[in-house]
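Asks: Next comes the structure file my_file-v4.cif, holding mmCIF, C-alpha atoms.
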```cif
data_run
#
loop_
_atom_site.label_atom_id
_atom_site.label_comp_id
_atom_site.auth_asym_id
_atom_site.auth_seq_id
_atom_site.Cartn_x
_atom_site.Cartn_y
_atom_site.Cartn_z
CA MET A 1 98.87 74.82 68.32
CA SER A 2 101.22 77.55 67.08
CA THR A 3 102.83 79.95 69.52
CA ALA A 4 100.63 82.76 68.22
CA GLU A 5 97.48 80.70 68.77
CA THR A 6 98.46 79.93 72.37
CA VAL A 7 99.35 83.60 72.94
CA ARG A 8 95.97 84.58 71.54
CA LYS A 9 94.25 82.30 74.07
CA ILE A 10 96.22 83.84 76.94
CA VAL A 11 95.47 87.37 75.72
CA ALA A 12 91.79 86.43 75.75
CA THR A 13 91.92 85.21 79.35
CA HIS A 14 94.40 87.73 80.88
CA GLY A 15 94.35 90.80 78.64
CA LYS A 16 91.11 92.21 80.11
CA LEU A 17 90.39 93.74 76.72
CA PRO A 18 87.10 95.54 76.16
CA VAL A 19 86.82 93.91 72.72
CA ASP A 20 86.68 90.30 71.48
CA VAL A 21 90.24 89.11 70.86
CA GLY A 22 88.90 87.30 67.75
CA THR A 23 88.51 90.72 66.11
CA ILE A 24 92.19 91.60 66.58
CA ALA A 25 94.71 90.55 63.91
CA ASP A 26 97.97 88.93 64.98
CA ASP A 27 99.77 92.19 64.25
CA GLY A 28 96.96 94.39 65.63
CA ASP A 29 97.97 96.90 68.34
CA LEU A 30 96.85 95.53 71.70
CA TYR A 31 97.33 98.88 73.47
CA SER A 32 94.98 100.67 71.11
CA ALA A 33 92.58 97.74 71.61
CA GLY A 34 92.55 98.68 75.30
CA LEU A 35 95.38 96.70 76.92
CA SER A 36 96.28 98.53 80.15
CA SER A 37 99.76 98.61 81.70
CA PHE A 38 98.50 96.53 84.61
CA ALA A 39 96.85 93.95 82.36
CA SER A 40 100.05 93.70 80.32
CA VAL A 41 101.90 92.71 83.50
CA GLN A 42 99.31 89.97 84.18
CA LEU A 43 99.69 88.89 80.58
CA MET A 44 103.48 88.76 80.89
CA LEU A 45 103.27 86.54 84.00
CA ALA A 46 100.67 84.23 82.41
CA ILE A 47 102.80 83.80 79.30
CA GLU A 48 105.89 83.02 81.36
CA GLU A 49 103.93 80.33 83.17
CA GLU A 50 102.37 78.82 80.04
CA PHE A 51 105.63 78.59 78.08
CA ASP A 52 107.89 78.04 81.11
CA ILE A 53 110.14 80.92 80.14
CA GLU A 54 111.39 84.10 81.77
CA PHE A 55 111.41 87.36 79.84
CA PRO A 56 114.79 89.07 80.16
CA GLU A 57 114.62 92.64 81.52
CA THR A 58 115.48 94.04 78.10
CA MET A 59 112.20 92.60 76.79
CA LEU A 60 110.03 93.95 79.61
CA ASN A 61 108.67 96.89 77.65
CA ARG A 62 105.63 97.95 75.69
CA GLY A 63 107.09 96.89 72.34
CA THR A 64 107.25 93.22 73.38
CA PHE A 65 103.57 93.18 74.31
CA ALA A 66 102.29 95.44 71.55
CA SER A 67 100.70 92.63 69.50
CA ILE A 68 100.02 88.90 69.52
CA ALA A 69 102.71 88.52 66.84
CA SER A 70 105.32 90.48 68.82
CA ILE A 71 104.64 88.42 71.95
CA ALA A 72 104.84 85.15 69.96
CA LYS A 73 108.10 86.28 68.39
CA ALA A 74 109.57 87.08 71.83
CA VAL A 75 108.39 83.71 73.20
CA ASP A 76 109.99 81.84 70.28
CA THR A 77 113.25 83.78 70.66
CA ILE A 78 113.47 83.07 74.39
CA SER A 79 112.48 79.41 73.98
CA ALA A 80 115.16 78.91 71.32
CA GLU A 81 117.78 80.54 73.54
CA GLN A 82 116.75 78.44 76.54
CA GLN A 83 116.97 75.24 74.47
CA ALA A 84 120.35 76.23 73.10
CA ALA A 85 121.69 77.01 76.55
CA MET B 1 133.80 109.18 103.35
CA ASP B 2 131.33 109.38 100.47
CA ALA B 3 129.68 112.55 99.30
CA GLN B 4 126.31 111.68 100.83
CA THR B 5 127.60 111.08 104.35
CA SER B 6 129.89 114.07 104.09
CA PHE B 7 127.07 116.47 103.14
CA LEU B 8 124.82 115.00 105.83
CA ASP B 9 127.54 115.50 108.46
CA LYS B 10 128.00 119.10 107.36
CA LEU B 11 124.28 119.72 107.79
CA PHE B 12 124.40 118.17 111.28
CA ASP B 13 127.54 120.13 112.21
CA ARG B 14 125.98 123.39 111.11
CA GLY B 15 122.80 122.51 113.03
CA LEU B 16 120.55 122.71 109.96
CA LEU B 17 119.37 119.14 110.54
CA HIS B 18 119.53 117.09 113.73
CA SER B 19 120.16 113.34 113.74
CA SER B 20 117.59 111.00 115.29
CA GLY B 21 119.79 107.93 115.14
CA VAL B 22 117.75 106.51 112.26
CA ASP B 23 118.82 107.27 108.68
CA GLY B 24 116.30 109.43 106.87
CA LEU B 25 114.56 110.77 110.00
CA TYR B 26 115.77 114.22 111.00
CA ALA B 27 114.69 117.25 112.96
CA ARG B 28 114.82 120.50 110.98
CA SER B 29 116.26 123.72 112.32
CA GLY B 30 114.45 127.05 112.28
CA ALA B 31 116.65 128.24 109.41
CA PHE B 32 115.90 125.12 107.37
CA GLU B 33 112.17 125.56 107.95
CA ASP B 34 112.33 129.23 107.04
CA VAL B 35 113.70 128.32 103.61
CA ILE B 36 110.90 125.78 103.14
CA ARG B 37 108.26 128.35 104.14
CA ARG B 38 109.69 130.97 101.79
CA PHE B 39 109.88 128.52 98.92
CA GLU B 40 106.27 127.47 99.50
CA ASP B 41 105.12 131.10 99.57
CA TYR B 42 107.00 131.75 96.34
CA VAL B 43 105.50 128.74 94.57
CA LEU B 44 102.02 129.45 95.90
CA LYS B 45 102.19 132.94 94.43
CA ILE B 46 103.11 131.58 91.00
CA GLY B 47 100.03 129.37 90.80
CA GLU B 48 97.70 131.60 92.81
CA ASP B 49 95.43 132.76 90.01
CA GLU B 50 94.66 129.26 88.76
CA THR B 51 94.11 127.58 92.11
CA SER B 52 90.57 126.60 93.11
CA GLU B 53 91.40 125.79 96.72
CA ALA B 54 94.14 124.79 99.13
CA MET B 55 94.46 121.80 101.44
CA VAL B 56 97.04 120.51 103.90
CA PHE B 57 96.91 116.86 104.88
CA PRO B 58 98.10 115.07 108.00
CA PRO B 59 100.88 112.52 107.44
CA GLY B 60 98.42 109.61 107.41
CA MET B 61 95.58 108.58 105.13
CA THR B 62 92.84 105.98 105.44
CA MET B 63 93.86 102.37 104.86
CA ALA B 64 90.94 102.05 102.41
CA ASP B 65 92.17 104.97 100.28
CA PHE B 66 95.73 103.72 100.56
CA GLU B 67 94.55 100.40 99.10
CA THR B 68 92.58 102.15 96.35
CA SER B 69 95.68 104.13 95.36
CA GLY B 70 97.44 100.91 94.28
CA TYR B 71 100.58 101.94 96.19
CA MET B 72 100.79 98.67 98.13
CA LYS B 73 100.64 96.67 94.91
CA ASN B 74 103.25 98.71 93.10
CA PHE B 75 105.63 99.85 95.86
CA PRO B 76 105.29 97.41 98.79
CA GLN B 77 108.95 97.98 99.66
CA LEU B 78 108.35 101.69 100.32
CA ALA B 79 104.98 101.61 102.06
CA GLY B 80 104.29 102.05 105.75
CA THR B 81 101.07 101.14 107.53
CA VAL B 82 100.05 102.03 111.08
CA HIS B 83 99.60 99.18 113.54
CA ALA B 84 98.68 99.56 117.19
CA PHE B 85 98.09 97.65 120.39
CA CYS B 86 94.45 96.61 120.44
CA GLY B 87 94.56 94.01 123.22
CA ASP B 88 93.01 93.69 126.65
CA HIS B 89 94.45 93.39 130.13
CA HIS B 90 96.01 90.00 129.36
CA GLY B 91 97.48 91.31 126.15
CA HIS B 92 98.99 94.19 128.11
CA MET B 93 100.63 91.74 130.54
CA GLY B 94 102.11 89.88 127.59
CA LEU B 95 103.36 93.15 126.13
CA LEU B 96 105.04 94.16 129.39
CA GLU B 97 106.62 90.72 129.65
CA CYS B 98 108.02 90.96 126.12
CA MET B 99 109.41 94.44 126.70
CA ALA B 100 110.96 93.46 130.02
CA THR B 101 112.69 90.43 128.52
CA GLY B 102 113.72 92.08 125.28
CA LYS B 103 111.44 89.91 123.12
CA ASP B 104 109.65 91.21 120.05
CA TRP B 105 106.65 93.08 121.48
CA THR B 106 105.33 94.10 118.03
CA GLU B 107 103.84 90.71 117.19
CA GLY B 108 100.54 91.54 118.86
CA GLN B 109 100.16 94.83 116.99
CA LYS B 110 96.99 94.98 114.88
CA ARG B 111 96.26 96.98 111.77
CA THR B 112 94.50 100.29 112.24
CA ASP B 113 92.48 102.26 109.70
CA LEU B 114 95.57 104.33 108.83
CA ALA B 115 98.51 104.14 106.48
CA LEU B 116 101.34 106.66 106.21
CA THR B 117 100.75 108.86 103.18
CA PRO B 118 103.22 107.87 100.46
CA ALA B 119 102.35 110.66 97.97
CA ALA B 120 100.87 114.02 98.87
CA CYS B 121 98.04 114.04 96.35
CA TYR B 122 96.45 110.68 97.25
CA PRO B 123 94.20 111.99 100.06
CA LEU B 124 92.75 114.59 97.68
CA TYR B 125 91.14 112.19 95.23
CA PRO B 126 88.56 110.55 97.54
CA ILE B 127 87.55 114.01 98.79
CA LEU B 128 86.89 115.19 95.24
CA ALA B 129 85.06 111.95 94.39
CA ARG B 130 82.66 112.39 97.32
CA ARG B 131 81.64 115.83 96.07
CA GLY B 132 80.11 114.41 92.90
CA ALA B 133 80.80 115.58 89.36
CA LEU B 134 83.51 118.21 88.93
CA PRO B 135 82.53 121.71 87.87
CA GLU B 136 82.92 122.61 84.19
CA GLY B 137 86.65 123.11 83.51
CA GLY B 138 87.67 120.93 86.48
CA VAL B 139 89.65 122.07 89.50
CA THR B 140 93.23 122.88 90.48
CA VAL B 141 94.17 122.24 94.09
CA ALA B 142 97.25 123.43 95.97
CA LEU B 143 98.18 120.96 98.68
CA GLN B 144 100.91 119.83 100.99
CA SER B 145 101.56 116.73 103.04
CA TYR B 146 104.23 114.95 104.94
CA CYS B 147 104.97 111.68 103.14
CA PHE B 148 106.63 108.45 104.22
CA ARG B 149 108.79 106.09 102.22
CA HIS B 150 110.66 103.23 103.80
CA GLU B 151 114.09 103.68 102.28
CA PRO B 152 116.68 104.40 104.98
CA SER B 153 119.70 106.14 103.46
CA LYS B 154 122.71 108.25 104.36
CA ASP B 155 121.75 110.52 101.48
CA PRO B 156 120.14 113.55 103.14
CA ALA B 157 118.09 113.98 99.95
CA ARG B 158 116.46 110.58 100.53
CA MET B 159 114.56 111.04 103.76
CA GLN B 160 112.00 108.58 105.08
CA MET B 161 109.69 111.40 106.19
CA PHE B 162 109.52 114.52 104.07
CA ARG B 163 107.08 117.03 102.61
CA GLN B 164 105.73 117.38 99.13
CA ARG B 165 104.00 120.53 97.99
CA GLU B 166 101.84 119.95 94.96
CA TYR B 167 99.47 121.45 92.52
CA VAL B 168 96.98 118.91 91.22
CA ARG B 169 94.93 119.46 88.07
CA VAL B 170 91.74 117.45 87.76
CA GLY B 171 89.82 117.76 84.51
CA ASN B 172 89.99 116.28 81.03
CA ALA B 173 93.07 114.88 79.26
CA ASP B 174 93.87 118.12 77.43
CA GLU B 175 93.62 120.18 80.61
CA ALA B 176 95.81 117.76 82.57
CA ILE B 177 98.51 117.60 79.88
CA ALA B 178 98.52 121.37 79.31
CA PHE B 179 98.88 121.88 83.07
CA ARG B 180 101.85 119.55 83.21
CA GLU B 181 103.58 121.27 80.28
CA THR B 182 103.01 124.69 81.87
CA TRP B 183 104.61 123.55 85.13
CA LYS B 184 107.56 121.91 83.39
CA ARG B 185 108.31 125.34 81.96
CA ARG B 186 107.64 127.14 85.23
CA GLY B 187 109.73 124.60 87.11
CA LYS B 188 112.76 125.50 85.02
CA GLU B 189 112.07 129.21 85.55
CA ILE B 190 111.95 128.58 89.30
CA MET B 191 115.28 126.76 89.22
CA ASP B 192 116.80 129.59 87.16
CA ALA B 193 115.52 132.17 89.65
CA LEU B 194 117.05 130.13 92.47
CA GLN B 195 120.28 129.76 90.46
CA LEU B 196 120.22 125.98 90.73
CA PRO B 197 121.70 123.86 87.90
CA ALA B 198 118.81 121.71 86.75
CA HIS B 199 117.36 119.88 83.81
CA VAL B 200 114.12 118.07 83.08
CA ASP B 201 114.22 114.40 82.09
CA VAL B 202 111.71 111.63 81.53
CA ALA B 203 111.48 109.31 84.55
CA ASN B 204 109.73 106.33 86.04
CA ASP B 205 108.54 105.45 89.52
CA PRO B 206 110.43 102.71 91.44
CA PHE B 207 107.84 99.98 90.82
CA PHE B 208 108.65 96.75 92.69
CA GLY B 209 110.02 93.58 91.14
CA ARG B 210 109.87 92.18 87.62
CA ALA B 211 106.33 93.40 87.07
CA GLY B 212 107.75 96.76 88.09
CA LYS B 213 110.36 96.71 85.35
CA MET B 214 107.56 96.40 82.88
CA LEU B 215 105.46 99.16 84.48
CA GLY B 216 108.48 101.45 84.71
CA ALA B 217 109.39 100.91 81.05
CA SER B 218 105.79 101.49 80.06
CA GLN B 219 105.64 104.72 82.11
CA ARG B 220 108.78 105.99 80.38
CA GLU B 221 107.66 105.03 76.91
CA GLN B 222 104.38 106.88 77.44
CA GLU B 223 106.28 109.86 78.95
CA LEU B 224 103.93 110.01 81.92
CA LYS B 225 106.54 111.22 84.39
CA PHE B 226 109.22 113.88 84.18
CA GLU B 227 111.59 115.02 86.88
CA MET B 228 113.57 118.18 87.54
CA LEU B 229 117.03 116.88 88.33
CA VAL B 230 119.56 118.78 90.43
CA PRO B 231 122.94 117.50 91.61
CA ILE B 232 122.95 117.42 95.43
CA THR B 233 125.24 114.64 96.62
CA SER B 234 126.25 113.37 93.17
CA SER B 235 126.59 114.86 89.71
CA GLU B 236 126.24 111.44 88.02
CA ASN B 237 122.97 110.72 89.80
CA PRO B 238 121.26 114.07 90.28
CA THR B 239 118.29 114.27 92.64
CA ALA B 240 114.69 114.76 91.53
CA CYS B 241 113.54 117.95 93.25
CA MET B 242 110.30 118.32 91.31
CA SER B 243 108.17 115.87 89.38
CA PHE B 244 105.60 116.43 86.67
CA ASN B 245 103.14 113.61 86.36
CA TYR B 246 100.21 112.75 84.13
CA HIS B 247 98.15 109.90 85.60
CA MET B 248 95.73 109.63 82.68
CA ASP B 249 92.35 108.56 84.10
CA ASN B 250 93.87 106.01 86.51
CA PHE B 251 92.96 107.92 89.67
CA GLY B 252 89.72 109.23 88.18
CA LYS B 253 88.63 105.62 87.63
CA ALA B 254 90.10 104.23 90.86
CA TRP B 255 88.21 106.68 93.06
CA GLY B 256 85.29 107.44 90.77
CA ILE B 257 86.01 111.13 90.11
CA THR B 258 83.74 112.22 87.27
CA ARG B 259 83.82 115.32 85.11
CA ALA B 260 80.86 117.55 84.38
CA ASP B 261 80.22 115.47 81.23
CA GLY B 262 80.11 112.24 83.28
CA GLU B 263 83.43 110.85 82.00
CA PRO B 264 86.21 109.80 84.42
CA ALA B 265 88.54 112.68 85.32
CA HIS B 266 92.12 112.83 84.11
CA THR B 267 94.65 114.07 86.64
CA ALA B 268 98.12 115.58 86.59
CA CYS B 269 100.29 116.92 89.36
CA VAL B 270 103.45 118.87 89.88
CA GLY B 271 105.25 117.93 93.09
CA PHE B 272 107.96 119.94 94.83
CA GLY B 273 110.21 117.99 97.18
CA LEU B 274 110.49 120.67 99.84
CA GLU B 275 113.40 119.21 101.78
CA ARG B 276 115.23 118.32 98.56
CA LEU B 277 114.88 121.82 97.12
CA THR B 278 116.08 123.28 100.41
CA LEU B 279 119.04 120.88 100.46
CA ALA B 280 119.86 121.85 96.87
CA LEU B 281 119.95 125.52 97.92
CA PHE B 282 122.29 124.76 100.84
CA ARG B 283 124.43 122.55 98.64
CA HIS B 284 124.89 125.11 95.86
CA HIS B 285 124.81 128.41 97.77
CA GLY B 286 126.43 127.35 101.03
CA LEU B 287 125.29 126.58 104.55
CA GLU B 288 125.06 130.28 105.54
CA ILE B 289 121.85 131.77 104.17
CA GLU B 290 123.29 135.29 104.58
CA ASP B 291 125.94 134.38 101.99
CA TRP B 292 123.50 133.23 99.33
CA PRO B 293 123.41 135.32 96.11
CA ASP B 294 121.34 138.49 96.51
CA ALA B 295 119.02 137.55 93.64
CA VAL B 296 118.25 134.18 95.25
CA ARG B 297 117.59 135.82 98.60
CA ALA B 298 115.39 138.41 96.91
CA THR B 299 113.38 135.67 95.18
CA LEU B 300 112.70 133.90 98.45
CA TRP B 301 112.62 136.69 101.04
CA GLY B 302 111.36 139.46 98.78
#
```
The structure given in the file should be rewritten as structure tokens.
Replies:
Amino acid sequence: MSTAETVRKIVATHGKLPVDVGTIADDGDLYSAGLSSFASVQLMLAIEEEFDIEFPETMLNRGTFASIASIAKAVDTISAEQQAA
Amino acid sequence: MDAQTSFLDKLFDRGLLHSSGVDGLYARSGAFEDVIRRFEDYVLKIGEDETSEAMVFPPGMTMADFETSGYMKNFPQLAGTVHAFCGDHHGHMGLLECMATGKDWTEGQKRTDLALTPAACYPLYPILARRGALPEGGVTVALQSYCFRHEPSKDPARMQMFRQREYVRVGNADEAIAFRETWKRRGKEIMDALQLPAHVDVANDPFFGRAGKMLGASQREQELKFEMLVPITSSENPTACMSFNYHMDNFGKAWGITRADGEPAHTACVGFGLERLTLALFRHHGLEIEDWPDAVRATLWG
């Protein structure tokens, strides 16, 4: 399963979105789809657990969690850095 | 000696504040309180025509409303809850034993229905919710409360118990945002009239932990909170003496405050840190009120 597909599954279970995640494109804006600040925190924690990563403070902002694609990109970046380290 | 301790000592020496032995908990002198009263009168006059009603809250709120506010989730490090002895005769004997032998007597304390109010506007929301739908055009309430935040500090501008005076606008999104913009402008006019060097900047609340970093960044990016910053004990880190907040419909939904059209209310508030504003005046105009600039005295004392 690609990173984006896994992220999509986690958004479905933790994003508390009022719409079906299947209707949102990978680059679709999650905030305009109804992602609240509090749900985005839950999402962040669930993603850290799933991928066994820790978001650096510089990535803890709205931009990182704006879309499934942006989350997947952040996850891949952090994973690559953790493997390189 | 750093600037914070030095200013605090000056306030003690002049008798404007009195030490309790615990950082952030001080008695206020008559002169200090007079400035607070005059400032409140001045601010109340400015918003008089738009205010629906006034309320003053005690320093505690119900534990249930405290929980609804979300404060414990977001700021556990700052919160204070009230616990009390609820035991019987045997419990009392145990308590006396502990106190006599210097053991921790607080272990038997049980939670009460009260928490210390962390933000002056929280007790308002459940009251409004219980009244049913808001009138057309919403309401604007002038309120004041003592607040508690557990952050002991030598900085006199960071007290553990202090007062916030607020105006709270409860209505739709446009009304709440317009209210906040109006008060940002008025806030600067107030600071100019008081001849205090101040500027408005976007801000975030001190949310706890890593989740808090995310919430704080999100609050900033959405420009939900602005502060009026004035140097008091540091020019690099000026103190927030006023804040201008838009809560969206968070509190409307949390407490079930509905508008006349049945939708959840949006809320905004402007908060004046009464002790901080008073400290800013003493810091910039001197510890002798008689020596303050005439225009400042005229603004406050008329």
Asks: For a quick check of understanding, using all atoms listed in the file, which of A:Ser79, A:Ala85, A:Glu5, A:Lys16 has the smallest distance to Gly34 (chain A)?
Replies: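 Closest to Gly34 (chain A), using all atoms listed in the file: A:Lys16.
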Asks: With only C-alpha atoms as the counted atoms, please give the residues lying no more than 6 Å from region 173-177 of chain B, apart from itself and same-chain residues fewer than 3 positions off, as a PyMOL selection string.
Replies: chain B and resi 169+180+266-268
Asks: Could you write out the selected residues, including C-alpha atoms, as a short mmCIF file (atom, residue, chain, number, x, y, z; two decimals), keeping the file's coordinate frame?
Replies:
```cif
data_model
loop_
_atom_site.label_atom_id
_atom_site.label_comp_id
_atom_site.auth_asym_id
_atom_site.auth_seq_id
_atom_site.Cartn_x
_atom_site.Cartn_y
_atom_site.Cartn_z
CA ARG B 169 94.93 119.46 88.07
CA ARG B 180 101.85 119.55 83.21
CA HIS B 266 92.12 112.83 84.11
CA THR B 267 94.65 114.07 86.64
CA ALA B 268 98.12 115.58 86.59
#
```
Asks: Check every residue of chain A for an atom within 6 Å of chain B, counting only C-alpha atoms, and provide those that qualify as a list of chain:residue names.
Replies: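 Within 6 Å of chain B on chain A, we get A:Val41, A:Leu60, A:Asn61, A:Arg62.
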Asks: Work out where the centre of an axis-aligned box around every listed atom of region 17-33 of chain A lies and how long its edges are once 6 Å is added on each side; give both in Å to one decimal as lines of an AutoDock Vina configuration file.
Replies:
```
center_x = 93.2
center_y = 94.0
center_z = 70.3
size_x = 25.1
size_y = 25.4
size_z = 24.8
```
Asks: Could you spell out the hits of the PyMOL selection byres ((chain B and resi 131-137) around 12) on the shown file, as a PyMOL selection string?
Replies: chain B and resi 50+52+124-130+138-140+169-176+252+255-266
Asks: Just give me the gap between CA of Tyr71 (chain B) and CA of Pro118 (chain B) in Å, one decimal is fine.
Replies: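 Computed distance, CA of Tyr71 (chain B) to CA of Pro118 (chain B), equals 7.8 Å.
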Asks: Can you tell me, as an mmCIF file with C-alpha atoms, keeping the file's coordinate frame, which residues sit within 6 Å of (100.2, 91.4, 68.0) in the file's frame, using all atoms listed in the file?
Replies:
```
data_model
loop_
_atom_site.group_PDB
_atom_site.id
_atom_site.type_symbol
_atom_site.label_atom_id
_atom_site.label_comp_id
_atom_site.auth_asym_id
_atom_site.auth_seq_id
_atom_site.Cartn_x
_atom_site.Cartn_y
_atom_site.Cartn_z
ATOM 1 C CA ASP A 26 97.970 88.930 64.980
ATOM 2 C CA ASP A 27 99.770 92.190 64.250
ATOM 3 C CA GLY A 28 96.960 94.390 65.630
ATOM 4 C CA ASP A 29 97.970 96.900 68.340
ATOM 5 C CA ALA A 66 102.290 95.440 71.550
ATOM 6 C CA SER A 67 100.700 92.630 69.500
ATOM 7 C CA ILE A 68 100.020 88.900 69.520
ATOM 8 C CA ALA A 69 102.710 88.520 66.840
ATOM 9 C CA SER A 70 105.320 90.480 68.820
#
```
Asks: I'd like the interatomic distance between CA of Val202 (chain B) and CA of Glu67 (chain B), to a tenth of an Å.
Replies: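 We find that CA of Val202 (chain B) and CA of Glu67 (chain B) lie 27.0 Å from each other.
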Asks: Using the chain letters and residue numbers of this document, give as an mmCIF file with C-alpha atoms, in the frame of the given file the residues selected by the PyMOL selection byres ((chain B and resi 38) around 12).
Replies:
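Here's the written file out.cif:
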```cif
data_model
loop_
_atom_site.group_PDB
_atom_site.id
_atom_site.type_symbol
_atom_site.label_atom_id
_atom_site.label_comp_id
_atom_site.auth_asym_id
_atom_site.auth_seq_id
_atom_site.Cartn_x
_atom_site.Cartn_y
_atom_site.Cartn_z
ATOM 1 C CA ALA B 31 116.650 128.240 109.410
ATOM 2 C CA PHE B 32 115.900 125.120 107.370
ATOM 3 C CA GLU B 33 112.170 125.560 107.950
ATOM 4 C CA ASP B 34 112.330 129.230 107.040
ATOM 5 C CA VAL B 35 113.700 128.320 103.610
ATOM 6 C CA ILE B 36 110.900 125.780 103.140
ATOM 7 C CA ARG B 37 108.260 128.350 104.140
ATOM 8 C CA PHE B 39 109.880 128.520 98.920
ATOM 9 C CA GLU B 40 106.270 127.470 99.500
ATOM 10 C CA ASP B 41 105.120 131.100 99.570
ATOM 11 C CA TYR B 42 107.000 131.750 96.340
ATOM 12 C CA VAL B 43 105.500 128.740 94.570
ATOM 13 C CA LEU B 44 102.020 129.450 95.900
ATOM 14 C CA LYS B 45 102.190 132.940 94.430
ATOM 15 C CA LEU B 194 117.050 130.130 92.470
ATOM 16 C CA LEU B 274 110.490 120.670 99.840
ATOM 17 C CA LEU B 277 114.880 121.820 97.120
ATOM 18 C CA THR B 278 116.080 123.280 100.410
ATOM 19 C CA VAL B 296 118.250 134.180 95.250
ATOM 20 C CA ARG B 297 117.590 135.820 98.600
ATOM 21 C CA ALA B 298 115.390 138.410 96.910
ATOM 22 C CA THR B 299 113.380 135.670 95.180
ATOM 23 C CA LEU B 300 112.700 133.900 98.450
ATOM 24 C CA TRP B 301 112.620 136.690 101.040
ATOM 25 C CA GLY B 302 111.360 139.460 98.780
#
```
Asks: Might you pull out every residue within 9 Å of Thr62 (chain B), with all atoms listed in the file counted and same-chain residues fewer than 4 positions away left off, and present them as a short mmCIF file (atom, residue, chain, number, x, y, z; two decimals) with C-alpha atoms, in the coordinates of the input?
Replies:
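What landed in part_23.cif:
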```cif
data_model
loop_
_atom_site.label_atom_id
_atom_site.label_comp_id
_atom_site.auth_asym_id
_atom_site.auth_seq_id
_atom_site.Cartn_x
_atom_site.Cartn_y
_atom_site.Cartn_z
CA PHE B 66 95.73 103.72 100.56
CA GLU B 67 94.55 100.40 99.10
CA ASP B 113 92.48 102.26 109.70
CA LEU B 114 95.57 104.33 108.83
CA ALA B 115 98.51 104.14 106.48
CA LEU B 116 101.34 106.66 106.21
CA THR B 117 100.75 108.86 103.18
CA PRO B 123 94.20 111.99 100.06
#
```
